[in-house]
Each structure stands twice: as C-alpha cells, then as structure tokens.
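**Student:** Before I ask anything, let me first share the structure, which is written out below as structure tokens.
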Protein chains: 2
Amino acid sequence: MRIAIDAMGGDNAPDEIIAGVIESIEFLAEDDELILVGPENEIEARLPSKPSRRGNISVVHAPDIIAMDDVPIESLRRKPKSSIATIAKLAKRDQADAVISAGNTGACVAAFQMRMRNLPGVNRPGIAVVFPTPGGLVTICDVGANIACKPVHLYQYGVMASVYSKHLLGIENPRIGLMSIGSEDAKGNELVKKTRALMKSDPRMNFVGNIEGRDIFRGACEVVVTEGFVGNVILKLTEGLVDGLFKAIKDELMEEKIRLAMKFKPVMKRIYKKYDYNEYGGALLLGVNGTAVICHGSSQARTIKNAILASKRFYTKKINDKIIEYLSGTSVRTMDE
Amino acid sequence: MRIAIDAMGGDNAPDEIIAGVIESIEFLAEDDELILVGPENEIEARLPSKPSRRGNISVVHAPDIIAMDDVPIESLRRKPKSSIATIAKLAKRDQADAVISAGNTGACVAAFQMRMRNLPGVNRPGIAVVFPTPGGLVTICDVGANIACKPVHLYQYGVMASVYSKHLLGIENPRIGLMSIGSEDAKGNELVKKTRALMKSDPRMNFVGNIEGRDIFRGACEVVVTEGFVGNVILKLTEGLVDGLFKAIKDELMEEKIRLAMKFKPVMKRIYKKYDYNEYGGALLLGVNGTAVICHGSSQARTIKNAILASKRFYTKKINDKIIEYLSGTSVRTMDE
C-alpha cells in the first residue's frame, strides 16, 4: 500500500509529522510505501541518513505551503504546488492509495474532493471523528466538511459512519442517532425533520431517532449524524471543555495540597489516555473515492503514526466498497438534491 | 414585586418547586409577593399550615399540566388552564411582574412570547444561559427559543445578552463573540457571515468576531451569540460531558483506591459547586416585555430559590429598559426581516 503524507500540515510540522512517519514503519508490512510530500530539503534534513533506517520512505517535492488560516479554495488556486494539492494529485493519478494531512482542514476537504471525486452514490463527503466515551466509541459525522447540508447528505453520513463503525471499529449493528434539540418527533429544525423521515424510510438503517447533546456521552447510540457546523462546534467544544475541566481540577487540587495533586496525577493521565483522540489517528473523510485522513492541527508524532495505521485498516478492510454496496441498494439517493 | 411560579414544572414538581419558593422568602422584601400556580389542592397540601410561615405566598388555581414532552403550541391550545398558560396570563393582565417555570421549555417560550409580547425593537426573544467558566461568567444566547434565526435576531441577542452581562453580572463592557467554526472572516455559514457584518456595522458593540467551540472555556469573550439549535446542543453537550467526565474520574479513582477517592471527594464537590448552573437560577428569556425565567427540568429547591432572586434582580435593575434604550439608538433593526 502507498500512503502519501503531507509533511507540512499542522502546528508541529514538519518535525512531528516526519517523526510519526518513521515511528509507523515497524507496524507496516515490507511492501508498504510511505511518501512524504513537502519541500524536499526540509524533509531530507529530517530523515535518517542511513538508507536502511528509512524503510520504504520516499519524498515528493512540493515547495508551497498552505497555512492553517489560509482561505481554502483561494489558497489551493494560488498555491498549486502546495503539499496538500500534491498529495491529492498523487491520489488522483493512482500514485497513492491513501492521503494524510494535519493541515488546513478546509483546503484538505476541497482538494481531496476535487481530485479524488466522490464514491458512486455519495453526494457530499463528510468528516467522521471517533469519540471515546464512557459508553464506548461513538462516531460523529460530519464535523465540518459540509456546512450546507441537505437531508440526503445526512442520510448518507448515517450510512457511511455506520459502515465505518461496524467494519472498522467492530461494533455490531451500530445505532444511529440524529443530533437535535429534543428526542421527540416534533422537535428540531427543518433539516432534522426531513432527515428523520429519510432515515425512517430505510428499513436497513438502525436508526434510533433524535438525540440531544448530552446523549453522546450516555451510550444512546454508536453513530451521531449532524451537519458540519453543529458537528464542528461539538468537536471543538468537547476539546475545550475537557481541557478546561482538567485544568480546573488541577488548580483546585494545587490549592488544596500538592501531595494530593501528585497522587491524583497518574489517575488523570489514565483518564486522559482513555479519552485521547490522538489514539484514533485523525478523522476519515468519508465519501471520497479513496482513503483520506485529516488530522488535528496539533497532531503529534503518535497521532500521525496512528493516522497511518488507520488509513491502512480503512484501505485493507475495503470500507469504501461496503459503502458503495449499501448505497447501491437504496432508493433514498435520488429523492433529494 | 409580584412573582408567579409554575408549581407543576419540571421533573421534581411540585415538591422542590414549593420548597424553593418557601426557601426564597427570607431573601425577599416584605412587600414581595409569591404566587404559586397549579392545582390548588396539591399546592395547599404542601404549604405550611401556619399562615405566619407562608410569607406572602398566594395560590392561583390551574388544573391542567403540560408534560415535559408535550408538543408546545398544541398543548397550550389543548390545555388553556395549564400552569404555564396561567402564569403567562397573569403577566399579561399585569397581575405578575415576573414569571418562572421549570416546565416544558417550548411551551414556556410560546406562552410567554404570545402573552407578554416582545420588547419594543426586539424581533424574537432568546434564552440566555450563564456558564460559569474558569475564565469567568459567560452568557450564551440563544440556547433554544429560536431555531429559525435571521441575522437581525442574532444581532439583537448580542445586544440583549451584553446588557444582561453588564448590568446583571457586573461585567464592564463585555466582549461579544459569534459562534462559528473558525475565527477567520471567511469561515462559517451564511447566517454567521451576515450576522458578522451586522455586528461590525454597530460601533457601540464590543464585537470580537467569530469564536470556536473551544473558546467558550478559554476566556475569549463574555457573551456568546448563536442560533437556538446550536446553542441548545452546546448547553446539553456541556451538561452531559461534565457529568460524564466526573463519573469517569470517580470510576477510575474507585478502581485505584477508595481512600484516594474519598480524599478527592471534597475537591470534586467544590469544583462542582463552582461550575454549577443551579447557582444561577435558570435562564432569562430575553426580549419579552416582562421578566421571564425558564429553569432546567431537573431544578431543585435551590434552583427555584435562585431563579426567584434572579428574577428580582432582573426586574429591579430594569434590564428591559436598558435593552429598549440601546435598541432605540440602532439602525440595524429594520435592515433585515
């Protein structure tokens, strides 16, 4: 398998990205190839000089860099030789089986969608993130690829995320919940009401109805479907709140007794590890015709290593074929858009 | 001041509601009147038999009860003698200066808006909730009154929530952030982009631009403006996540050592208290021509007591007059809708 990685994406690039690529080698097969994409000099300077320690890493030169706060479409147009545009082109030309970036999310979504195209039967790709919760792994789609959602998009996010949840996370018959502001049929905005009707019309879908924000962490379902704006707020709010709460606990403990704080430290670390999204190696962009992983801007080497392994599992388990198969058997696709 | 309280609202009604009303007496003035609204027999059975211990509590009979999961408008029509409809009517007839309910939020919003009407200059009321965060008190509006928001509604939420934040919470010149999915100008959906332009057009507004979900807990601003669907998800997600995380910590500690868990208990309690929304006594429905407080369905006596005191502060400080004054000086009102 050939995996192309954007060496310049995210706040810790290129050091952490390249370190993650090197870390991943021991978990891959001999014929797996890793392609680092970015300014050649910068990458070469960070790779081990001994060819034997490089594994199957090759470098593809891409001089331009899209910054985290660049305007996505505009920057792709202005910087055609950026690392993000280049990994997308590698996928298009069938020179890579998977692409990975921790760079500008909007630019990644635009480039991957444009170059890789959508899977047959999919109208719009969506980003799926796995939340580790006390009730188990919850897959949320979409967390920011599509902020102009139609009901059919949300229906397809339900399909794709449940295929992902079942075949990649090993959850048998995952329950699908639709994010709303009350569990009753009558609640929610127009988008929710129409999506609810679509989902109910598919007897193969394990749809449990509307859920509320609090239900994500209460084991109400294994798949949460929501439009990209709301999903992105959920993702970032969760991140901020967990960090804030841990900080508050730490501050409170330090005021109390430093010894108590020290005793509590390993417990906190264990909890942090249990609920650490870095373990899940970024988010899959579901619905593009290929394997695309978008990582958090603050990704560390470990995140990148896990993203590489996640892309391999996604590719090997032929998740896309299973999505195509499901969607080819549905009549919902053409009902909207 | 005359305060009408829905005795039958919420999961713990009527016991906790009536207990909260009785608890509040000692914090009120002698000429403050409390009006409990609901089935007369049920309320009377729970009031102290000695008239001297009742303070200025009177009872208004309302035989019907709207359940938490009833469809708002429909249930108001079907149950004209419900406690929610009755407190709204008391406000309309100028027999109450404030109304409080922990019942069905949708029914409260509909009844209060219908009977009390909007403040001059306000197109749509919004629910404002105060979040205690490590960075201070953050007021979020709207958290669920209006899920078909237009830019002008969001602009007015910014005005009302900042007047509230300044004059009720004592925050000098509160900064207003607009909930989006990236801080850059170009990010966000159409509603966000148009609202941003409106807010920027008002030089009196202390608008700091777009914020992201994580910024709420990072001291980025004191007022967060968002449409009701997103705000409701934020509110409930925060609730669920805080509960879930505290539970996870407890479980992890119990596995470790019960003695450590016991030592940690008072720390947890202090943190819980610091970030406990019950302290803030429910949410104000800003924009109606009167004082209306909507409490959480799980409200305890303490919540109700705090809601009564909050309604008194809101009324006494003439927050509505200040909102009217601000809005009479703006040209934004008529630009949309």
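So you can find residues: chains in the structure tokens are A, B, ... in the order shown, residues in each start at 1, and ligands are numbered from 1 in order.
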How close does each residue of chain B get to chain A, giving the shortest atom pair and distance in Å to one decimal for every residue with an atom at most 6 Å away, counting only C-alpha atoms, sorted by chain and residue number, as JSON lines?

**Tutor:**
```
{"residue": "B:Gly213", "atom": "CA", "partner": "A:Leu237", "partner_atom": "CA", "distance": 4.0}
{"residue": "B:Arg214", "atom": "CA", "partner": "A:Gly240", "partner_atom": "CA", "distance": 4.0}
{"residue": "B:Val233", "atom": "CA", "partner": "A:Gly213", "partner_atom": "CA", "distance": 4.8}
{"residue": "B:Lys236", "atom": "CA", "partner": "A:Gly213", "partner_atom": "CA", "distance": 4.7}
{"residue": "B:Leu237", "atom": "CA", "partner": "A:Gly213", "partner_atom": "CA", "distance": 4.0}
{"residue": "B:Gly240", "atom": "CA", "partner": "A:Arg214", "partner_atom": "CA", "distance": 3.9}
```

**Student:** Write to file, as a PDB file, in the first residue's frame, the residues of the selection just made, with N, CA and C atoms.

**Tutor:**
```pdb
ATOM      1  N   GLY B 213     -15.962  26.592  19.271  1.00  0.00           N
ATOM      2  CA  GLY B 213     -16.483  25.881  20.442  1.00  0.00           C
ATOM      3  C   GLY B 213     -15.526  25.882  21.622  1.00  0.00           C
ATOM      4  N   ARG B 214     -14.247  25.709  21.346  1.00  0.00           N
ATOM      5  CA  ARG B 214     -13.286  25.607  22.458  1.00  0.00           C
ATOM      6  C   ARG B 214     -13.081  26.933  23.184  1.00  0.00           C
ATOM      7  N   VAL B 233     -27.594  22.559  21.594  1.00  0.00           N
ATOM      8  CA  VAL B 233     -26.621  21.458  21.554  1.00  0.00           C
ATOM      9  C   VAL B 233     -25.463  21.778  22.503  1.00  0.00           C
ATOM     10  N   LYS B 236     -26.605  21.311  26.241  1.00  0.00           N
ATOM     11  CA  LYS B 236     -26.817  19.927  26.657  1.00  0.00           C
ATOM     12  C   LYS B 236     -25.554  19.088  26.555  1.00  0.00           C
ATOM     13  N   LEU B 237     -24.737  19.397  25.563  1.00  0.00           N
ATOM     14  CA  LEU B 237     -23.459  18.694  25.438  1.00  0.00           C
ATOM     15  C   LEU B 237     -22.584  18.993  26.653  1.00  0.00           C
ATOM     16  N   GLY B 240     -23.852  17.064  29.618  1.00  0.00           N
ATOM     17  CA  GLY B 240     -23.571  15.633  29.511  1.00  0.00           C
ATOM     18  C   GLY B 240     -22.096  15.338  29.670  1.00  0.00           C
TER      19      GLY B 240
END
```

**Student:** I need the residues of range 12-234 of chain A that end up classed as strand (DSSP E or B) by DSSP on the backbone, written out as a ChimeraX atom specification.

**Tutor:** /A:33-38,57-61,64,82,98-101,118,126-133,136-141,176-179,207-211,223-225

**Student:** Keeping C-alpha atoms for every residue in the selection just given, could you write it to a file as an mmCIF file, in the first residue's frame?

**Tutor:**
```
data_model
loop_
_atom_site.group_PDB
_atom_site.id
_atom_site.type_symbol
_atom_site.label_atom_id
_atom_site.label_comp_id
_atom_site.auth_asym_id
_atom_site.auth_seq_id
_atom_site.Cartn_x
_atom_site.Cartn_y
_atom_site.Cartn_z
ATOM 1 C CA GLU A 33 5.375 2.635 0.911
ATOM 2 C CA LEU A 34 5.357 5.992 2.676
ATOM 3 C CA ILE A 35 5.558 9.120 0.559
ATOM 4 C CA LEU A 36 6.467 12.332 2.361
ATOM 5 C CA VAL A 37 5.297 15.412 0.474
ATOM 6 C CA GLY A 38 6.699 18.908 1.019
ATOM 7 C CA ILE A 57 10.039 6.245 2.671
ATOM 8 C CA SER A 58 10.279 8.331 -0.472
ATOM 9 C CA VAL A 59 9.995 12.086 -0.891
ATOM 10 C CA VAL A 60 7.919 14.049 -3.384
ATOM 11 C CA HIS A 61 8.838 17.703 -3.691
ATOM 12 C CA ASP A 64 4.336 25.625 -1.429
ATOM 13 C CA SER A 82 1.356 23.027 -2.091
ATOM 14 C CA ALA A 98 -4.177 6.917 0.878
ATOM 15 C CA VAL A 99 -3.532 10.555 1.753
ATOM 16 C CA ILE A 100 -2.973 12.057 5.193
ATOM 17 C CA SER A 101 -2.713 15.683 6.297
ATOM 18 C CA ASN A 118 -16.926 11.150 -4.669
ATOM 19 C CA GLY A 126 -18.242 14.157 5.446
ATOM 20 C CA ILE A 127 -15.588 14.054 8.146
ATOM 21 C CA ALA A 128 -16.068 11.286 10.700
ATOM 22 C CA VAL A 129 -14.476 11.578 14.122
ATOM 23 C CA VAL A 130 -14.384 8.833 16.738
ATOM 24 C CA PHE A 131 -15.151 9.975 20.300
ATOM 25 C CA PRO A 132 -14.035 7.672 23.073
ATOM 26 C CA THR A 133 -16.853 7.884 25.644
ATOM 27 C CA GLY A 136 -17.865 3.137 24.112
ATOM 28 C CA LEU A 137 -16.690 4.512 20.778
ATOM 29 C CA VAL A 138 -19.049 6.993 19.151
ATOM 30 C CA THR A 139 -18.534 8.024 15.514
ATOM 31 C CA ILE A 140 -19.741 11.535 14.650
ATOM 32 C CA CYS A 141 -20.231 12.631 11.043
ATOM 33 C CA ILE A 176 -27.621 5.798 14.553
ATOM 34 C CA GLY A 177 -28.845 8.940 16.344
ATOM 35 C CA LEU A 178 -29.719 12.243 14.701
ATOM 36 C CA MET A 179 -28.464 15.289 16.592
ATOM 37 C CA PHE A 207 -31.976 4.481 13.338
ATOM 38 C CA VAL A 208 -32.876 5.277 16.944
ATOM 39 C CA GLY A 209 -34.281 8.758 16.279
ATOM 40 C CA ASN A 210 -33.300 12.171 17.554
ATOM 41 C CA ILE A 211 -30.720 12.536 20.286
ATOM 42 C CA VAL A 223 -23.180 6.833 15.410
ATOM 43 C CA VAL A 224 -24.175 10.502 15.606
ATOM 44 C CA VAL A 225 -25.292 12.258 12.437
#
```

**Student:** Find the residues around Ser165 in chain B up to 7 Å (only C-alpha atoms counted), leave out those fewer than 4 positions away in its own chain, and share them as a PyMOL selection string.

**Tutor:** chain B and resi 139+161+169-171+174

**Student:** With N, CA and C atoms kept, could you save the residues just selected as a short mmCIF file (atom, residue, chain, number, x, y, z; two decimals), in the first residue's frame?

**Tutor:**
```cif
data_model
loop_
_atom_site.label_atom_id
_atom_site.label_comp_id
_atom_site.auth_asym_id
_atom_site.auth_seq_id
_atom_site.Cartn_x
_atom_site.Cartn_y
_atom_site.Cartn_z
N THR B 139 -22.19 34.47 29.14
CA THR B 139 -23.62 34.43 28.84
C THR B 139 -23.81 33.98 27.39
N ALA B 161 -27.88 40.17 25.46
CA ALA B 161 -27.00 39.41 26.36
C ALA B 161 -25.90 40.28 26.92
N LEU B 169 -24.61 40.92 35.72
CA LEU B 169 -23.44 40.18 36.19
C LEU B 169 -22.29 41.11 36.55
N GLY B 170 -22.47 42.40 36.22
CA GLY B 170 -21.45 43.39 36.60
C GLY B 170 -20.18 43.33 35.78
N ILE B 171 -20.27 42.85 34.55
CA ILE B 171 -19.08 42.77 33.71
C ILE B 171 -19.01 44.03 32.85
N PRO B 174 -18.68 43.93 28.25
CA PRO B 174 -18.46 42.52 27.87
C PRO B 174 -18.16 42.36 26.39
#
```

**Student:** Measuring atom to atom with only C-alpha atoms, identify which of A:Thr226, A:Thr195, A:Ser298, A:Gln95 is nearest to Ala145 in chain A.

**Tutor:**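 Among the listed residues, A:Thr226 lies closest to Ala145 in chain A.
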
**Student:** Could you pull out the helix (DSSP H, G or I) residues of range 15-173 of chain A, going by DSSP on the backbone, and write them as JSON, numbers by chain?

**Tutor:** {"A": [15, 16, 17, 18, 19, 20, 21, 22, 23, 24, 25, 26, 27, 40, 41, 42, 43, 44, 45, 46, 51, 52, 53, 72, 73, 74, 75, 76, 77, 78, 83, 84, 85, 86, 87, 88, 89, 90, 91, 92, 105, 106, 107, 108, 109, 110, 111, 112, 113, 114, 115, 116, 151, 152, 153, 154, 155, 156, 157, 158, 159, 160, 161, 162, 163, 164, 165, 166, 167]}

**Student:** Find the spatial neighbours of Ala310 in chain B, counting only C-alpha atoms, within a cut-off of 9 Å - ignore same-chain residues fewer than 4 positions away - and output them as a list in words.

**Tutor:** Leu168, Tyr280, Gly281, Gly282, Leu284, Val293, Lys305, Asn306, Phe314 and Tyr315 of chain B

**Student:** For the residues in that selection, give me N, CA and C atoms as a PDB file, in the first residue's frame.

**Tutor:**
```pdb
ATOM      1  N   LEU B 168     -26.368  42.962  35.010  1.00  0.00           N
ATOM      2  CA  LEU B 168     -26.775  41.973  35.994  1.00  0.00           C
ATOM      3  C   LEU B 168     -25.580  41.212  36.553  1.00  0.00           C
ATOM      4  N   TYR B 280     -27.158  29.764  39.338  1.00  0.00           N
ATOM      5  CA  TYR B 280     -27.566  30.929  38.561  1.00  0.00           C
ATOM      6  C   TYR B 280     -29.064  30.976  38.304  1.00  0.00           C
ATOM      7  N   GLY B 281     -29.748  29.977  38.844  1.00  0.00           N
ATOM      8  CA  GLY B 281     -31.201  30.046  38.892  1.00  0.00           C
ATOM      9  C   GLY B 281     -31.917  30.137  37.574  1.00  0.00           C
ATOM     10  N   GLY B 282     -31.531  29.317  36.645  1.00  0.00           N
ATOM     11  CA  GLY B 282     -32.291  29.261  35.401  1.00  0.00           C
ATOM     12  C   GLY B 282     -31.884  30.312  34.402  1.00  0.00           C
ATOM     13  N   LEU B 284     -32.825  33.428  31.648  1.00  0.00           N
ATOM     14  CA  LEU B 284     -33.755  34.506  31.338  1.00  0.00           C
ATOM     15  C   LEU B 284     -34.225  34.386  29.892  1.00  0.00           C
ATOM     16  N   VAL B 293     -38.309  33.729  33.587  1.00  0.00           N
ATOM     17  CA  VAL B 293     -37.189  32.825  33.843  1.00  0.00           C
ATOM     18  C   VAL B 293     -37.618  31.400  33.536  1.00  0.00           C
ATOM     19  N   LYS B 305     -35.245  28.795  44.190  1.00  0.00           N
ATOM     20  CA  LYS B 305     -34.947  29.949  45.051  1.00  0.00           C
ATOM     21  C   LYS B 305     -34.057  30.942  44.290  1.00  0.00           C
ATOM     22  N   ASN B 306     -32.993  30.430  43.658  1.00  0.00           N
ATOM     23  CA  ASN B 306     -32.094  31.312  42.916  1.00  0.00           C
ATOM     24  C   ASN B 306     -32.783  31.963  41.720  1.00  0.00           C
ATOM     25  N   PHE B 314     -33.287  41.086  37.953  1.00  0.00           N
ATOM     26  CA  PHE B 314     -33.556  41.483  36.571  1.00  0.00           C
ATOM     27  C   PHE B 314     -34.588  42.604  36.523  1.00  0.00           C
ATOM     28  N   TYR B 315     -35.624  42.445  37.341  1.00  0.00           N
ATOM     29  CA  TYR B 315     -36.719  43.413  37.389  1.00  0.00           C
ATOM     30  C   TYR B 315     -36.263  44.721  38.026  1.00  0.00           C
TER      31      TYR B 315
END
```

**Student:** Show which residues sit within 12 Å of range 318-320 of chain B, as a ChimeraX atom specification. Count only C-alpha atoms, and ignore same-chain residues fewer than 6 positions away.

**Tutor:** /B:97,118-122,125,159-169,284-292,310-312,326-327

**Student:** Work out how far CA of Ile17 in chain B is from CA of Ile304 in chain B, in Å to one decimal.

**Tutor:**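 Separation between CA of Ile304 in chain B and CA of Ile17 in chain B: 6.2 Å.
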
**Student:** Can you work out the spacing between CA of Ala45 in chain A and CA of Ile65 in chain A in Å, to one decimal?

**Tutor:** 17.4 Å
